[in-house]
>>> print(open('structure_6.csv').read())   # CSV, C-alpha atoms
chain,number,residue,atom,x,y,z
L,1,MET,CA,-51.3,3.5,24.9
L,2,GLN,CA,-49.2,1.5,22.4
L,3,SER,CA,-47.7,4.7,21.0
L,4,ILE,CA,-46.7,5.8,24.5
L,5,ARG,CA,-45.1,2.4,25.2
L,6,HIS,CA,-43.4,2.7,21.8
L,7,VAL,CA,-42.0,6.1,22.6
L,8,GLY,CA,-40.9,4.9,26.0
L,9,THR,CA,-39.0,2.0,24.5
L,10,SER,CA,-37.4,4.3,22.0
L,11,VAL,CA,-36.3,6.7,24.8
L,12,VAL,CA,-34.9,3.8,26.8
L,13,MET,CA,-33.0,2.5,23.7
L,14,ALA,CA,-31.6,5.9,22.9
L,15,LEU,CA,-30.4,6.3,26.5
L,16,LEU,CA,-28.8,2.9,26.4
L,17,LEU,CA,-27.0,3.8,23.2
L,18,ILE,CA,-25.8,7.1,24.6
L,19,MET,CA,-24.5,5.4,27.8
L,20,MET,CA,-22.8,2.6,25.8
L,21,ALA,CA,-21.2,4.9,23.2
L,22,PRO,CA,-18.0,5.5,25.3
L,23,LEU,CA,-17.7,1.8,25.9
L,24,MET,CA,-18.0,1.1,22.1
L,25,HIS,CA,-15.3,3.6,21.3
L,26,ALA,CA,-13.0,2.6,24.1
L,27,GLY,CA,-12.2,-0.6,22.1
L,28,ASP,CA,-11.4,1.4,19.0
L,29,GLN,CA,-8.9,3.5,20.9
L,30,LYS,CA,-7.0,0.3,22.0
L,31,SER,CA,-6.7,-1.0,18.4
L,32,GLU,CA,-3.7,0.1,16.4
L,33,PRO,CA,-4.4,2.5,13.5
L,34,SER,CA,-4.0,1.0,10.0
L,35,LEU,CA,-0.6,0.9,8.4
L,36,TYR,CA,-2.0,3.5,5.9
L,37,ASN,CA,-2.7,5.9,8.8
L,38,ARG,CA,0.6,5.2,10.5
L,39,LEU,CA,2.4,6.1,7.2
L,40,GLY,CA,0.5,9.4,7.0
L,41,GLY,CA,-2.1,8.6,4.4
L,42,ALA,CA,-2.2,9.1,0.6
L,43,TYR,CA,0.0,12.2,0.4
L,44,ALA,CA,2.8,10.7,2.4
L,45,ILE,CA,2.5,7.4,0.5
L,46,ALA,CA,2.5,9.3,-2.8
L,47,SER,CA,5.7,11.2,-1.8
L,48,VAL,CA,7.5,7.9,-0.9
L,49,VAL,CA,6.3,6.3,-4.2
L,50,ASP,CA,7.5,9.3,-6.2
L,51,ASP,CA,11.0,9.0,-4.7
L,52,PHE,CA,11.0,5.2,-5.1
L,53,ILE,CA,10.0,5.2,-8.7
L,54,GLU,CA,12.6,7.8,-9.5
L,55,ARG,CA,15.3,5.5,-8.0
L,56,LEU,CA,14.1,2.6,-10.0
L,57,LEU,CA,14.2,4.6,-13.2
L,58,VAL,CA,18.0,5.2,-12.8
L,59,ASN,CA,18.9,1.8,-11.3
L,60,ASP,CA,21.6,0.3,-13.5
L,61,VAL,CA,20.7,-3.3,-12.6
L,62,LEU,CA,17.1,-2.8,-13.7
L,63,ASN,CA,18.1,-0.8,-16.8
L,64,ALA,CA,20.3,-3.6,-18.0
L,65,ASN,CA,17.2,-5.6,-18.6
L,66,PRO,CA,16.0,-4.7,-22.1
L,67,ALA,CA,12.4,-5.7,-21.4
L,68,ILE,CA,12.3,-3.3,-18.4
L,69,LYS,CA,13.8,-0.6,-20.4
L,70,SER,CA,11.3,-1.1,-23.2
L,71,SER,CA,8.4,-1.1,-20.8
L,72,ARG,CA,9.6,2.2,-19.2
L,73,ASP,CA,9.7,3.8,-22.7
L,74,ARG,CA,6.1,2.9,-23.2
L,75,VAL,CA,4.6,3.6,-19.8
L,76,PRO,CA,4.6,7.2,-18.6
L,77,LYS,CA,6.2,7.4,-15.1
L,78,ALA,CA,3.3,9.6,-13.8
L,79,GLY,CA,0.9,6.8,-14.6
L,80,LEU,CA,3.2,4.2,-12.9
L,81,LYS,CA,3.5,6.4,-9.8
L,82,PHE,CA,-0.3,6.8,-9.7
L,83,HIS,CA,-0.9,3.0,-9.9
L,84,VAL,CA,1.8,2.2,-7.3
L,85,THR,CA,0.4,4.9,-5.0
L,86,MET,CA,-3.1,3.5,-5.3
L,87,MET,CA,-1.9,-0.1,-4.7
L,88,VAL,CA,0.2,0.8,-1.7
L,89,SER,CA,-2.7,2.9,-0.3
L,90,GLU,CA,-5.1,0.0,-0.7
L,91,VAL,CA,-2.9,-2.8,0.7
L,92,THR,CA,-2.0,-0.7,3.7
L,93,GLY,CA,-5.7,-0.2,4.7
L,94,GLY,CA,-6.5,3.1,2.9
L,95,PRO,CA,-9.7,4.0,1.1
L,96,GLU,CA,-8.1,4.1,-2.3
L,97,LYS,CA,-8.7,1.3,-4.7
L,98,TYR,CA,-6.1,-0.1,-7.1
L,99,THR,CA,-7.7,-0.8,-10.5
L,100,GLY,CA,-4.6,-1.8,-12.5
L,101,ARG,CA,-3.5,-5.1,-13.8
L,102,THR,CA,-2.4,-7.9,-11.5
L,103,MET,CA,1.3,-8.1,-10.5
L,104,LYS,CA,1.7,-11.2,-12.6
L,105,ASP,CA,0.1,-9.7,-15.7
L,106,SER,CA,2.1,-6.5,-15.3
L,107,HIS,CA,5.5,-8.2,-14.9
L,108,VAL,CA,5.4,-11.6,-16.8
L,109,HIS,CA,6.8,-10.1,-20.0
L,110,LEU,CA,9.7,-8.4,-18.1
L,111,ASN,CA,11.7,-11.5,-17.2
L,112,ILE,CA,12.7,-10.1,-13.9
L,113,THR,CA,15.4,-12.0,-12.1
L,114,SER,CA,16.1,-12.4,-8.4
L,115,GLN,CA,19.1,-10.0,-8.8
L,116,GLU,CA,16.7,-7.4,-10.2
L,117,TRP,CA,14.2,-8.0,-7.5
L,118,ASP,CA,16.9,-7.6,-4.8
L,119,ALA,CA,18.0,-4.3,-6.5
L,120,MET,CA,14.4,-3.1,-6.3
L,121,VAL,CA,14.0,-4.0,-2.7
L,122,ALA,CA,17.3,-2.3,-1.9
L,123,ASP,CA,16.0,0.9,-3.5
L,124,PHE,CA,12.8,0.6,-1.6
L,125,LYS,CA,14.7,0.4,1.7
L,126,VAL,CA,16.8,3.5,0.8
L,127,THR,CA,13.6,5.4,0.1
L,128,LEU,CA,11.9,4.3,3.3
L,129,ALA,CA,15.0,5.3,5.3
L,130,LYS,CA,15.1,8.7,3.5
L,131,PHE,CA,11.6,9.4,4.6
L,132,GLU,CA,12.4,8.1,8.2
L,133,VAL,CA,9.6,5.5,8.1
L,134,PRO,CA,9.8,3.8,11.5
L,135,GLU,CA,11.3,0.3,11.6
L,136,LYS,CA,8.0,-1.5,12.4
L,137,GLU,CA,6.2,0.1,9.4
L,138,GLN,CA,9.3,-0.6,7.2
L,139,GLN,CA,9.1,-4.3,8.1
L,140,GLU,CA,5.3,-4.4,7.4
L,141,LEU,CA,5.8,-2.8,4.0
L,142,ILE,CA,8.7,-5.1,3.1
L,143,ALA,CA,6.5,-8.1,4.1
L,144,ILE,CA,3.7,-6.8,1.9
L,145,VAL,CA,6.1,-6.4,-1.0
L,146,ALA,CA,7.5,-9.9,-0.5
L,147,THR,CA,4.1,-11.4,-1.1
L,148,THR,CA,4.3,-10.2,-4.7
L,149,LYS,CA,7.7,-11.8,-5.4
L,150,ALA,CA,6.3,-15.0,-6.9
L,151,ASP,CA,4.2,-13.1,-9.3
L,152,ILE,CA,7.0,-10.7,-10.4
L,153,VAL,CA,10.2,-12.8,-10.5
L,154,MET,CA,10.5,-15.3,-13.3
L,155,SER,CA,11.0,-18.8,-12.0
L,156,ALA,CA,14.2,-20.6,-12.9
L,157,ASN,CA,13.3,-23.7,-14.8
>>> encode(input="structure_6.csv", output="structure tokens")
Amino acid sequence: MQSIRHVGTSVVMALLLIMMAPLMHAGDQKSEPSLYNRLGGAYAIASVVDDFIERLLVNDVLNANPAIKSSRDRVPKAGLKFHVTMMVSEVTGGPEKYTGRTMKDSHVHLNITSQEWDAMVADFKVTLAKFEVPEKEQQELIAIVATTKADIVMSAN
């Protein structure tokens, strides 16, 4: 008799789960997709990063900094694009995981100024506009980038 009762309980539980499934997923439909998904996923992010890095490589303001120029000569741009793609994918909610150095460790030796930061942000905005990233997503991305400023820009002492 216990086995029948156990089977009966399992059937009831299964029926409850089947009946509740639409309700469980109804909440999912109301929540907004991640920024990663709204941007189009890894391939779309990689395309934007590719364009952005290419802009940075020819930016006269950034190239005037000898530390940045020296770093670019040492670091292959394909590797830089890969790491930036992984980082953007992760911070926007994607499954990719950034495994590079921290922003502080990556930039401390570059002596980046506020003017150079502003030039980078301007290039980023041009790239986002080129790819017609919607305004809401642009604002979210700029806000994410802004959180790294303290680790990238040297403080004026």
>>> residues_around(input="structure_6.csv", residues="Tyr98 in chain L", least_positions_apart="6", cutoff="10 Å", atoms="all atoms listed in the file", output="MDAnalysis selection string")
chainID L and resid 82:91
>>> atom_distance(input="structure_6.csv", atom1="CA of Gly41 in chain L", atom2="CA of Val153 in chain L")
28.8 Å
>>> residues_around(input="structure_6.csv", residues="Glu135 in chain L", least_positions_apart="6", cutoff="12 Å", atoms="all atoms listed in the file", output="list in words")
Arg38, Leu39, Lys125, Leu128, Ala129, Leu141 and Ile142 of chain L
>>> atom_distance(input="structure_6.csv", atom1="CA of Phe52 in chain L", atom2="CA of Val126 in chain L")
8.4 Å
>>> atom_distance(input="structure_6.csv", atom1="CA of Ile152 in chain L", atom2="CA of His107 in chain L")
5.4 Å
>>> build_atoms(input="structure_6.csv", residues="range 64-82 of chain L", atoms="N, CA, C and O atoms", output="PDB file, keeping the file's coordinate frame")
ATOM      1  N   ALA L  64      19.614  -2.624 -17.153  1.00  0.00           N
ATOM      2  CA  ALA L  64      20.300  -3.600 -18.000  1.00  0.00           C
ATOM      3  C   ALA L  64      19.381  -4.611 -18.620  1.00  0.00           C
ATOM      4  O   ALA L  64      19.726  -5.269 -19.602  1.00  0.00           O
ATOM      5  N   ASN L  65      18.176  -4.732 -18.072  1.00  0.00           N
ATOM      6  CA  ASN L  65      17.200  -5.600 -18.600  1.00  0.00           C
ATOM      7  C   ASN L  65      16.437  -4.938 -19.753  1.00  0.00           C
ATOM      8  O   ASN L  65      15.713  -3.973 -19.513  1.00  0.00           O
ATOM      9  N   PRO L  66      16.610  -5.408 -21.005  1.00  0.00           N
ATOM     10  CA  PRO L  66      16.000  -4.700 -22.100  1.00  0.00           C
ATOM     11  C   PRO L  66      14.449  -4.686 -22.062  1.00  0.00           C
ATOM     12  O   PRO L  66      13.827  -3.740 -22.543  1.00  0.00           O
ATOM     13  N   ALA L  67      13.855  -5.700 -21.468  1.00  0.00           N
ATOM     14  CA  ALA L  67      12.400  -5.700 -21.400  1.00  0.00           C
ATOM     15  C   ALA L  67      11.901  -4.627 -20.410  1.00  0.00           C
ATOM     16  O   ALA L  67      10.876  -3.984 -20.662  1.00  0.00           O
ATOM     17  N   ILE L  68      12.622  -4.409 -19.322  1.00  0.00           N
ATOM     18  CA  ILE L  68      12.300  -3.300 -18.400  1.00  0.00           C
ATOM     19  C   ILE L  68      12.444  -1.985 -19.071  1.00  0.00           C
ATOM     20  O   ILE L  68      11.573  -1.114 -18.997  1.00  0.00           O
ATOM     21  N   LYS L  69      13.561  -1.816 -19.743  1.00  0.00           N
ATOM     22  CA  LYS L  69      13.800  -0.600 -20.400  1.00  0.00           C
ATOM     23  C   LYS L  69      12.740  -0.261 -21.464  1.00  0.00           C
ATOM     24  O   LYS L  69      12.219   0.853 -21.529  1.00  0.00           O
ATOM     25  N   SER L  70      12.354  -1.254 -22.237  1.00  0.00           N
ATOM     26  CA  SER L  70      11.300  -1.100 -23.200  1.00  0.00           C
ATOM     27  C   SER L  70       9.971  -0.707 -22.600  1.00  0.00           C
ATOM     28  O   SER L  70       9.252   0.168 -23.099  1.00  0.00           O
ATOM     29  N   SER L  71       9.662  -1.347 -21.494  1.00  0.00           N
ATOM     30  CA  SER L  71       8.400  -1.100 -20.800  1.00  0.00           C
ATOM     31  C   SER L  71       8.414   0.375 -20.262  1.00  0.00           C
ATOM     32  O   SER L  71       7.398   1.077 -20.346  1.00  0.00           O
ATOM     33  N   ARG L  72       9.540   0.814 -19.755  1.00  0.00           N
ATOM     34  CA  ARG L  72       9.600   2.200 -19.200  1.00  0.00           C
ATOM     35  C   ARG L  72       9.457   3.214 -20.347  1.00  0.00           C
ATOM     36  O   ARG L  72       8.945   4.305 -20.101  1.00  0.00           O
ATOM     37  N   ASP L  73       9.907   2.867 -21.536  1.00  0.00           N
ATOM     38  CA  ASP L  73       9.700   3.800 -22.700  1.00  0.00           C
ATOM     39  C   ASP L  73       8.287   3.914 -23.077  1.00  0.00           C
ATOM     40  O   ASP L  73       7.886   4.942 -23.614  1.00  0.00           O
ATOM     41  N   ARG L  74       7.488   2.890 -22.827  1.00  0.00           N
ATOM     42  CA  ARG L  74       6.100   2.900 -23.200  1.00  0.00           C
ATOM     43  C   ARG L  74       5.151   3.448 -22.131  1.00  0.00           C
ATOM     44  O   ARG L  74       4.110   4.023 -22.427  1.00  0.00           O
ATOM     45  N   VAL L  75       5.492   3.236 -20.867  1.00  0.00           N
ATOM     46  CA  VAL L  75       4.600   3.600 -19.800  1.00  0.00           C
ATOM     47  C   VAL L  75       5.040   4.920 -19.148  1.00  0.00           C
ATOM     48  O   VAL L  75       6.157   5.031 -18.657  1.00  0.00           O
ATOM     49  N   PRO L  76       4.177   5.932 -19.181  1.00  0.00           N
ATOM     50  CA  PRO L  76       4.600   7.200 -18.600  1.00  0.00           C
ATOM     51  C   PRO L  76       4.783   7.042 -17.054  1.00  0.00           C
ATOM     52  O   PRO L  76       4.004   6.375 -16.376  1.00  0.00           O
ATOM     53  N   LYS L  77       5.863   7.637 -16.563  1.00  0.00           N
ATOM     54  CA  LYS L  77       6.200   7.400 -15.100  1.00  0.00           C
ATOM     55  C   LYS L  77       5.103   8.016 -14.229  1.00  0.00           C
ATOM     56  O   LYS L  77       4.862   7.470 -13.163  1.00  0.00           O
ATOM     57  N   ALA L  78       4.407   9.062 -14.644  1.00  0.00           N
ATOM     58  CA  ALA L  78       3.300   9.600 -13.800  1.00  0.00           C
ATOM     59  C   ALA L  78       2.227   8.559 -13.618  1.00  0.00           C
ATOM     60  O   ALA L  78       1.675   8.423 -12.526  1.00  0.00           O
ATOM     61  N   GLY L  79       1.912   7.825 -14.676  1.00  0.00           N
ATOM     62  CA  GLY L  79       0.900   6.800 -14.600  1.00  0.00           C
ATOM     63  C   GLY L  79       1.356   5.645 -13.672  1.00  0.00           C
ATOM     64  O   GLY L  79       0.578   5.119 -12.869  1.00  0.00           O
ATOM     65  N   LEU L  80       2.621   5.266 -13.803  1.00  0.00           N
ATOM     66  CA  LEU L  80       3.200   4.200 -12.900  1.00  0.00           C
ATOM     67  C   LEU L  80       3.132   4.661 -11.480  1.00  0.00           C
ATOM     68  O   LEU L  80       2.704   3.894 -10.613  1.00  0.00           O
ATOM     69  N   LYS L  81       3.528   5.892 -11.216  1.00  0.00           N
ATOM     70  CA  LYS L  81       3.500   6.400  -9.800  1.00  0.00           C
ATOM     71  C   LYS L  81       2.079   6.404  -9.288  1.00  0.00           C
ATOM     72  O   LYS L  81       1.856   6.065  -8.131  1.00  0.00           O
ATOM     73  N   PHE L  82       1.120   6.787 -10.125  1.00  0.00           N
ATOM     74  CA  PHE L  82      -0.300   6.800  -9.700  1.00  0.00           C
ATOM     75  C   PHE L  82      -0.716   5.387  -9.308  1.00  0.00           C
ATOM     76  O   PHE L  82      -1.283   5.181  -8.234  1.00  0.00           O
TER      77      PHE L  82
END
